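Asks: Quick one: the structure is below, questions incoming.
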Protein chains: 2
Amino acid sequence: MATKHEIGTRERIIRATSRLMQRQGYGATGLKEISREAEATLGSVYHFFPGGKQELAVEAVRHGDREFTELLRTVFDRVDDPAAAIIVCARDLSTGLRDSGWLDGCPVTTTALESAGRLPDIQRAAEEAFENWRGLVRDKLRRSGFDEDVAHDLAHTVINTLEGAEMSAQVSQSEAPLEIAGRHLARLIDSYR
Amino acid sequence: MATKHEIGTRERIIRATSRLMQRQGYGATGLKEISREAEATLGSVYHFFPGGKQELAVEAVRHGDREFTELLRTVFDRVDDPAAAIIVCARDLSTGLRDSGWLDGCPVTTTALESAGRLPDIQRAAEEAFENWRGLVRDKLRRSGFDEDVAHDLAHTVINTLEGAEMSAQVSQSEAPLEIAGRHLARLIDSYR
DNA sequence: CATGCGATAGAACGAGCGCTCTATTCACTA
DNA sequence: TAGTGAATAGAGCGCTCGTTCTATCGCATG
């Protein structure tokens with residue numbers, strides 16, 4: 001298989017873990033399923049991730065963090081106005097979700113909720129992801145002239161509303177929640193100008 | 001045990017399932033764990049829920065639906081202004097979450113995300129829960145004089161933002177996300193008057 | 001060619017899973 | 001009092017889980 005040697009076993013394992021846990025959560029994802037999906041053996045999995053399933057989940061969450069960070073950066077670079085940029089983000093999430101057959105929601109949320117209060121390492125990784133995303137939004141708003149306090153609070157609600165809307169969109173298999181969320185967030189941002 | 005005969009085995013099993021799945025998700029919750037927590041035997045569990053784990057999860061989600069519905073109804077009855085009512089809801093969620101040691105988040109979200117696209121019965125129950133909650137918010141707004149379209153869209157974002165903020169609050173173990181969400185949602189609602 | 005080591009390979013372990021099954025208890029009616 | 005069916009009880013089924021372990025492979029360096 002071509003991808004096997006171009007990407008590397010370790011990275012392939014992380015990607016498989018991320019996608020599987022994104023779709024079915026931490027508990028329902030088995031290590032043998034991961035090794036099968038990644039076209040690696042169980043030995044390789046434990047060779048690269050001696051911490052086992054938990055270490056694997058942490059890396060998967062960080063991978064999801066990087067993915068969404070990249071989406072935010074790309075949109076923020078291309079769209080100057082922050083309110084307009086958020087609408088684009090919402091639409092990107094919406095189409096991505098629909099194109100996956102409503103299977104691939106936020107790669108962090110599912111695992112985060114399952115691990116909250118029980119698996120500290122995974123929870124911390126998820127917390128860092130949300131922090132990073134909020135930081136990107138806050139900086140974008142700051143660069144557009146918003147006050148520090150306003151930008152800080154708006155960043156919270158932008159990320160949280162997108163998260164909630166994506167979850168809702170996935171469960172109801174509809175693009176409406178994210179479309180509405182984009183419009184409302186833009187209106188909220190504009191109300192602080 | 002007093003509660004054993006006052007509540008009834010069936011209801012006790014549903015409550016145990018709901019709380020366990022709320023905290024650790026569908027996959028990580030075992031039937032023996034449920035029967036232990038509910039002070040019932042495995043035989044009783046299958047007697048009342050012959051559909052097994054999936055039927056149990058559906059009932060647990062519906063139980064969570066009723067819980068949040070009751071919270072919304074109570075607050076909406078007591079607080080006339082819809083924007084003020086949403087702030088109260090956000091604070092109630094926040095204190096409830098903190099008082100549980102950041103363990104008891106939304107009783108529907110975790111199970112819903114795990115089952116999306118894989119376990120249709122559970123997904124449908126979760127979808128109905130969100131629909132019910134949106135309906136309550138929409139009616140509240142309608143009764144306060146908002147247009148049908150505006151109320152419909154606002155109901156989406158109110159529920160989704162509260163959901164996202166509660167998830168964020170749980171993961172970061174902080175009351176800030178829900179406090180900010182309440183303020184922003186009130187501002188958004190007021191902007192349509 | 002020989003040595004060493006990261007990487008691959010998968011058998012095997014104990015534990016726990018969802019679920020089935022039979023046996024027993026209990027309250028109530030014929 | 002005998003009979004009936006709901007409810008309780010838990011042993012045991014086949015299976016998969018996360019993890020451990022030993023054996024082998026590929027390949028760079030001596």
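Every chain in the structure tokens has a letter given in the order shown (A, B, ...), and although residue numbers restart at 1 in each chain, ligands are simply numbered from 1 in the order shown.
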Show me, as a tab-separated table, the residues of chain D having an atom within 7 Å of chain B, each with the closest atom pair and its distance in Å, using only C-alpha atoms (C1' of nucleotides).
Replies:
```
residue	atom	partner	partner_atom	distance
D:DA7	C1'	B:Ser44	CA	6.9
D:DT8	C1'	B:Ser44	CA	6.3
D:DA9	C1'	B:Thr41	CA	6.6
```
Asks: Could you write out that same residue set with C-alpha atoms (C1' of nucleotides) as a short mmCIF file (atom, residue, chain, number, x, y, z; two decimals), in the first residue's frame?
Replies:
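Result file again_7.cif:
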```
data_model
loop_
_atom_site.label_atom_id
_atom_site.label_comp_id
_atom_site.auth_asym_id
_atom_site.auth_seq_id
_atom_site.Cartn_x
_atom_site.Cartn_y
_atom_site.Cartn_z
"C1'" DA D 7 -40.29 -10.20 39.34
"C1'" DT D 8 -35.91 -11.56 41.18
"C1'" DA D 9 -31.64 -14.09 41.16
#
```
Asks: Based on only C-alpha atoms, which of the residues in chain B come within 8 Å of chain A? I want them as a ChimeraX atom specification.
Replies: /B:23-28,102-103,110,112-118,123-124,126-127,130,153,156-157,160-165,167-168,170-172,177,180-181,184,187-188
Asks: Restricted to C-alpha atoms, what would the selected residues look like written as a PDB file, in the first residue's frame?
Replies:
```pdb
ATOM      1  CA  ARG B  23     -20.739  10.430  33.198  1.00  0.00           C
ATOM      2  CA  GLN B  24     -18.897   7.829  31.144  1.00  0.00           C
ATOM      3  CA  GLY B  25     -20.849   7.292  27.939  1.00  0.00           C
ATOM      4  CA  TYR B  26     -22.600   4.372  26.322  1.00  0.00           C
ATOM      5  CA  GLY B  27     -19.660   2.153  25.490  1.00  0.00           C
ATOM      6  CA  ALA B  28     -17.962   2.389  28.855  1.00  0.00           C
ATOM      7  CA  TRP B 102     -17.819  18.612  37.138  1.00  0.00           C
ATOM      8  CA  LEU B 103     -19.070  15.081  36.495  1.00  0.00           C
ATOM      9  CA  THR B 110     -22.361  12.049  25.498  1.00  0.00           C
ATOM     10  CA  ALA B 112     -25.838  11.031  21.457  1.00  0.00           C
ATOM     11  CA  LEU B 113     -22.372  11.651  20.042  1.00  0.00           C
ATOM     12  CA  GLU B 114     -21.311   8.056  20.594  1.00  0.00           C
ATOM     13  CA  SER B 115     -24.381   6.716  18.831  1.00  0.00           C
ATOM     14  CA  ALA B 116     -24.619   9.187  15.946  1.00  0.00           C
ATOM     15  CA  GLY B 117     -24.795   7.248  12.708  1.00  0.00           C
ATOM     16  CA  ARG B 118     -24.351   3.858  14.373  1.00  0.00           C
ATOM     17  CA  GLN B 123     -29.768   8.894  17.918  1.00  0.00           C
ATOM     18  CA  ARG B 124     -33.463   9.419  17.276  1.00  0.00           C
ATOM     19  CA  ALA B 126     -31.468  12.321  21.307  1.00  0.00           C
ATOM     20  CA  GLU B 127     -32.776  14.198  18.289  1.00  0.00           C
ATOM     21  CA  PHE B 130     -33.127  18.540  21.318  1.00  0.00           C
ATOM     22  CA  ASP B 153     -33.683  30.437  14.793  1.00  0.00           C
ATOM     23  CA  HIS B 156     -31.634  26.693  17.835  1.00  0.00           C
ATOM     24  CA  THR B 157     -28.764  28.887  18.951  1.00  0.00           C
ATOM     25  CA  ASN B 160     -26.798  24.768  20.963  1.00  0.00           C
ATOM     26  CA  THR B 161     -24.810  27.460  22.738  1.00  0.00           C
ATOM     27  CA  LEU B 162     -25.894  26.202  26.152  1.00  0.00           C
ATOM     28  CA  GLU B 163     -24.897  22.689  25.110  1.00  0.00           C
ATOM     29  CA  GLY B 164     -21.513  23.788  23.821  1.00  0.00           C
ATOM     30  CA  ALA B 165     -20.866  25.957  26.831  1.00  0.00           C
ATOM     31  CA  MET B 167     -19.442  20.822  27.487  1.00  0.00           C
ATOM     32  CA  SER B 168     -16.681  23.406  27.571  1.00  0.00           C
ATOM     33  CA  GLN B 170     -17.120  20.472  32.078  1.00  0.00           C
ATOM     34  CA  VAL B 171     -13.878  19.911  30.222  1.00  0.00           C
ATOM     35  CA  SER B 172     -12.186  23.024  31.613  1.00  0.00           C
ATOM     36  CA  PRO B 177     -18.196  29.400  29.625  1.00  0.00           C
ATOM     37  CA  ILE B 180     -20.472  34.164  29.286  1.00  0.00           C
ATOM     38  CA  ALA B 181     -22.933  32.142  27.203  1.00  0.00           C
ATOM     39  CA  HIS B 184     -24.218  36.688  25.091  1.00  0.00           C
ATOM     40  CA  ARG B 187     -27.681  40.178  24.241  1.00  0.00           C
ATOM     41  CA  LEU B 188     -28.479  38.312  21.048  1.00  0.00           C
TER      42      LEU B 188
END
```
Asks: Give as a ChimeraX atom specification every residue of chain C that touches chain A within 9 Å, counting only C-alpha atoms (C1' of nucleotides).
Replies: /C:7-10
Asks: Go ahead and save the residues from that selection, with N, CA and C atoms (P, O5', C5', C4', C3', O3' and C1' of nucleotides), as a PDB file, in the first residue's frame.
Replies:
```
ATOM      1  P    DA C   7      11.469   2.794  15.165  1.00  0.00           P
ATOM      2  O5'  DA C   7      10.812   1.489  14.521  1.00  0.00           O
ATOM      3  C5'  DA C   7      11.097   1.170  13.157  1.00  0.00           C
ATOM      4  C4'  DA C   7      10.434  -0.140  12.803  1.00  0.00           C
ATOM      5  C3'  DA C   7       8.932  -0.213  13.074  1.00  0.00           C
ATOM      6  O3'  DA C   7       8.266  -0.387  11.836  1.00  0.00           O
ATOM      7  C1'  DA C   7      10.052  -2.185  13.805  1.00  0.00           C
ATOM      8  P    DT C   8       6.696  -0.623  11.787  1.00  0.00           P
ATOM      9  O5'  DT C   8       6.571  -2.220  11.766  1.00  0.00           O
ATOM     10  C5'  DT C   8       7.261  -2.955  10.755  1.00  0.00           C
ATOM     11  C4'  DT C   8       7.032  -4.443  10.953  1.00  0.00           C
ATOM     12  C3'  DT C   8       5.567  -4.879  11.037  1.00  0.00           C
ATOM     13  O3'  DT C   8       5.369  -5.931  10.096  1.00  0.00           O
ATOM     14  C1'  DT C   8       6.812  -5.816  12.809  1.00  0.00           C
ATOM     15  P    DA C   9       3.928  -6.317   9.613  1.00  0.00           P
ATOM     16  O5'  DA C   9       3.594  -7.596  10.476  1.00  0.00           O
ATOM     17  C5'  DA C   9       4.478  -8.720  10.445  1.00  0.00           C
ATOM     18  C4'  DA C   9       4.155  -9.647  11.593  1.00  0.00           C
ATOM     19  C3'  DA C   9       2.670  -9.789  11.943  1.00  0.00           C
ATOM     20  O3'  DA C   9       2.197 -11.012  11.421  1.00  0.00           O
ATOM     21  C1'  DA C   9       4.116  -9.811  13.863  1.00  0.00           C
ATOM     22  P    DG C  10       0.631 -11.252  11.278  1.00  0.00           P
ATOM     23  O5'  DG C  10       0.273 -12.036  12.615  1.00  0.00           O
ATOM     24  C5'  DG C  10       1.022 -13.189  12.967  1.00  0.00           C
ATOM     25  C4'  DG C  10       0.830 -13.517  14.426  1.00  0.00           C
ATOM     26  C3'  DG C  10      -0.645 -13.536  14.899  1.00  0.00           C
ATOM     27  O3'  DG C  10      -0.801 -14.594  15.818  1.00  0.00           O
ATOM     28  C1'  DG C  10       0.603 -12.225  16.319  1.00  0.00           C
TER      29       DG C  10
END
```
Asks: Quick one: everything within 12 Å of DG3 of chain D, counting only C-alpha atoms (C1' of nucleotides), minus sequence neighbours fewer than 6 positions away in the same chain. Send it as an MDAnalysis selection string.
Replies: chainID C and resid 28:30
Asks: As a JSON list (two decimals) with N, CA and C atoms, in the first residue's frame, please: the residues near segment 76-79 of chain B (cut-off 10 Å, only C-alpha atoms (C1' of nucleotides), same-chain neighbours under 5 positions excluded).
Replies:
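Final output, selection27.json:
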```json
[["chain", "number", "residue", "atom", "x", "y", "z"],
["B", 70, "GLU", "N", -37.91, 19.82, 32.40],
["B", 70, "GLU", "CA", -38.45, 20.31, 33.66],
["B", 70, "GLU", "C", -37.72, 21.58, 34.11],
["B", 71, "LEU", "N", -36.38, 21.56, 33.96],
["B", 71, "LEU", "CA", -35.62, 22.76, 34.32],
["B", 71, "LEU", "C", -36.08, 23.95, 33.51],
["B", 84, "ALA", "N", -33.69, 37.19, 30.31],
["B", 84, "ALA", "CA", -33.33, 36.97, 31.72],
["B", 84, "ALA", "C", -33.46, 35.50, 32.08],
["B", 85, "ALA", "N", -34.47, 34.85, 31.52],
["B", 85, "ALA", "CA", -34.69, 33.43, 31.82],
["B", 85, "ALA", "C", -33.51, 32.58, 31.33],
["B", 86, "ILE", "N", -32.98, 32.91, 30.16],
["B", 86, "ILE", "CA", -31.84, 32.14, 29.64],
["B", 86, "ILE", "C", -30.62, 32.29, 30.53],
["B", 88, "VAL", "N", -30.69, 32.73, 33.71],
["B", 88, "VAL", "CA", -30.95, 31.88, 34.88],
["B", 88, "VAL", "C", -30.68, 30.41, 34.54],
["B", 89, "CYS", "N", -31.11, 29.99, 33.35],
["B", 89, "CYS", "CA", -30.85, 28.61, 32.92],
["B", 89, "CYS", "C", -29.35, 28.33, 32.90],
["B", 136, "LEU", "N", -39.58, 24.40, 23.45],
["B", 136, "LEU", "CA", -39.89, 25.16, 24.66],
["B", 136, "LEU", "C", -39.36, 26.59, 24.56],
["B", 137, "VAL", "N", -38.12, 26.72, 24.07],
["B", 137, "VAL", "CA", -37.51, 28.05, 23.95],
["B", 137, "VAL", "C", -38.27, 28.87, 22.90],
["B", 140, "LYS", "N", -41.52, 30.08, 24.27],
["B", 140, "LYS", "CA", -41.29, 31.17, 25.24],
["B", 140, "LYS", "C", -41.08, 32.50, 24.50]]
```
Asks: Find the residues of chain C that sit at most 12 Å from segment 10-21 of chain D; for each, write down the nearest two atoms and how far apart they are in Å, to one decimal. Count only C-alpha atoms (C1' of nucleotides). Sort by chain, then by number going up, and give it as JSON lines.
Replies:
```
{"residue": "C:DA9", "atom": "C1'", "partner": "D:DC21", "partner_atom": "C1'", "distance": 12.0}
{"residue": "C:DG10", "atom": "C1'", "partner": "D:DC21", "partner_atom": "C1'", "distance": 10.4}
{"residue": "C:DA11", "atom": "C1'", "partner": "D:DC21", "partner_atom": "C1'", "distance": 9.0}
{"residue": "C:DA12", "atom": "C1'", "partner": "D:DC21", "partner_atom": "C1'", "distance": 8.4}
{"residue": "C:DC13", "atom": "C1'", "partner": "D:DT20", "partner_atom": "C1'", "distance": 8.0}
{"residue": "C:DG14", "atom": "C1'", "partner": "D:DT19", "partner_atom": "C1'", "distance": 9.9}
{"residue": "C:DA15", "atom": "C1'", "partner": "D:DC17", "partner_atom": "C1'", "distance": 8.3}
{"residue": "C:DG16", "atom": "C1'", "partner": "D:DC17", "partner_atom": "C1'", "distance": 7.5}
{"residue": "C:DC17", "atom": "C1'", "partner": "D:DT16", "partner_atom": "C1'", "distance": 7.3}
{"residue": "C:DG18", "atom": "C1'", "partner": "D:DC15", "partner_atom": "C1'", "distance": 9.5}
{"residue": "C:DC19", "atom": "C1'", "partner": "D:DC13", "partner_atom": "C1'", "distance": 8.5}
{"residue": "C:DT20", "atom": "C1'", "partner": "D:DC13", "partner_atom": "C1'", "distance": 7.5}
{"residue": "C:DC21", "atom": "C1'", "partner": "D:DG12", "partner_atom": "C1'", "distance": 8.7}
{"residue": "C:DT22", "atom": "C1'", "partner": "D:DA11", "partner_atom": "C1'", "distance": 9.5}
{"residue": "C:DA23", "atom": "C1'", "partner": "D:DG10", "partner_atom": "C1'", "distance": 9.7}
{"residue": "C:DT24", "atom": "C1'", "partner": "D:DG10", "partner_atom": "C1'", "distance": 10.9}
```
Asks: Please measure the separation of atom CA of Asp80 of chain A and atom CA of Arg143 of chain A, giving the value in Å to one decimal.
Replies: 9.8 Å
Asks: Please report the interatomic distance between atom C1' of DC26 of chain C and atom CA of Gly30 of chain B in Å with one decimal.
Replies: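 Calculated distance between atom C1' of DC26 of chain C and atom CA of Gly30 of chain B is 28.5 Å.
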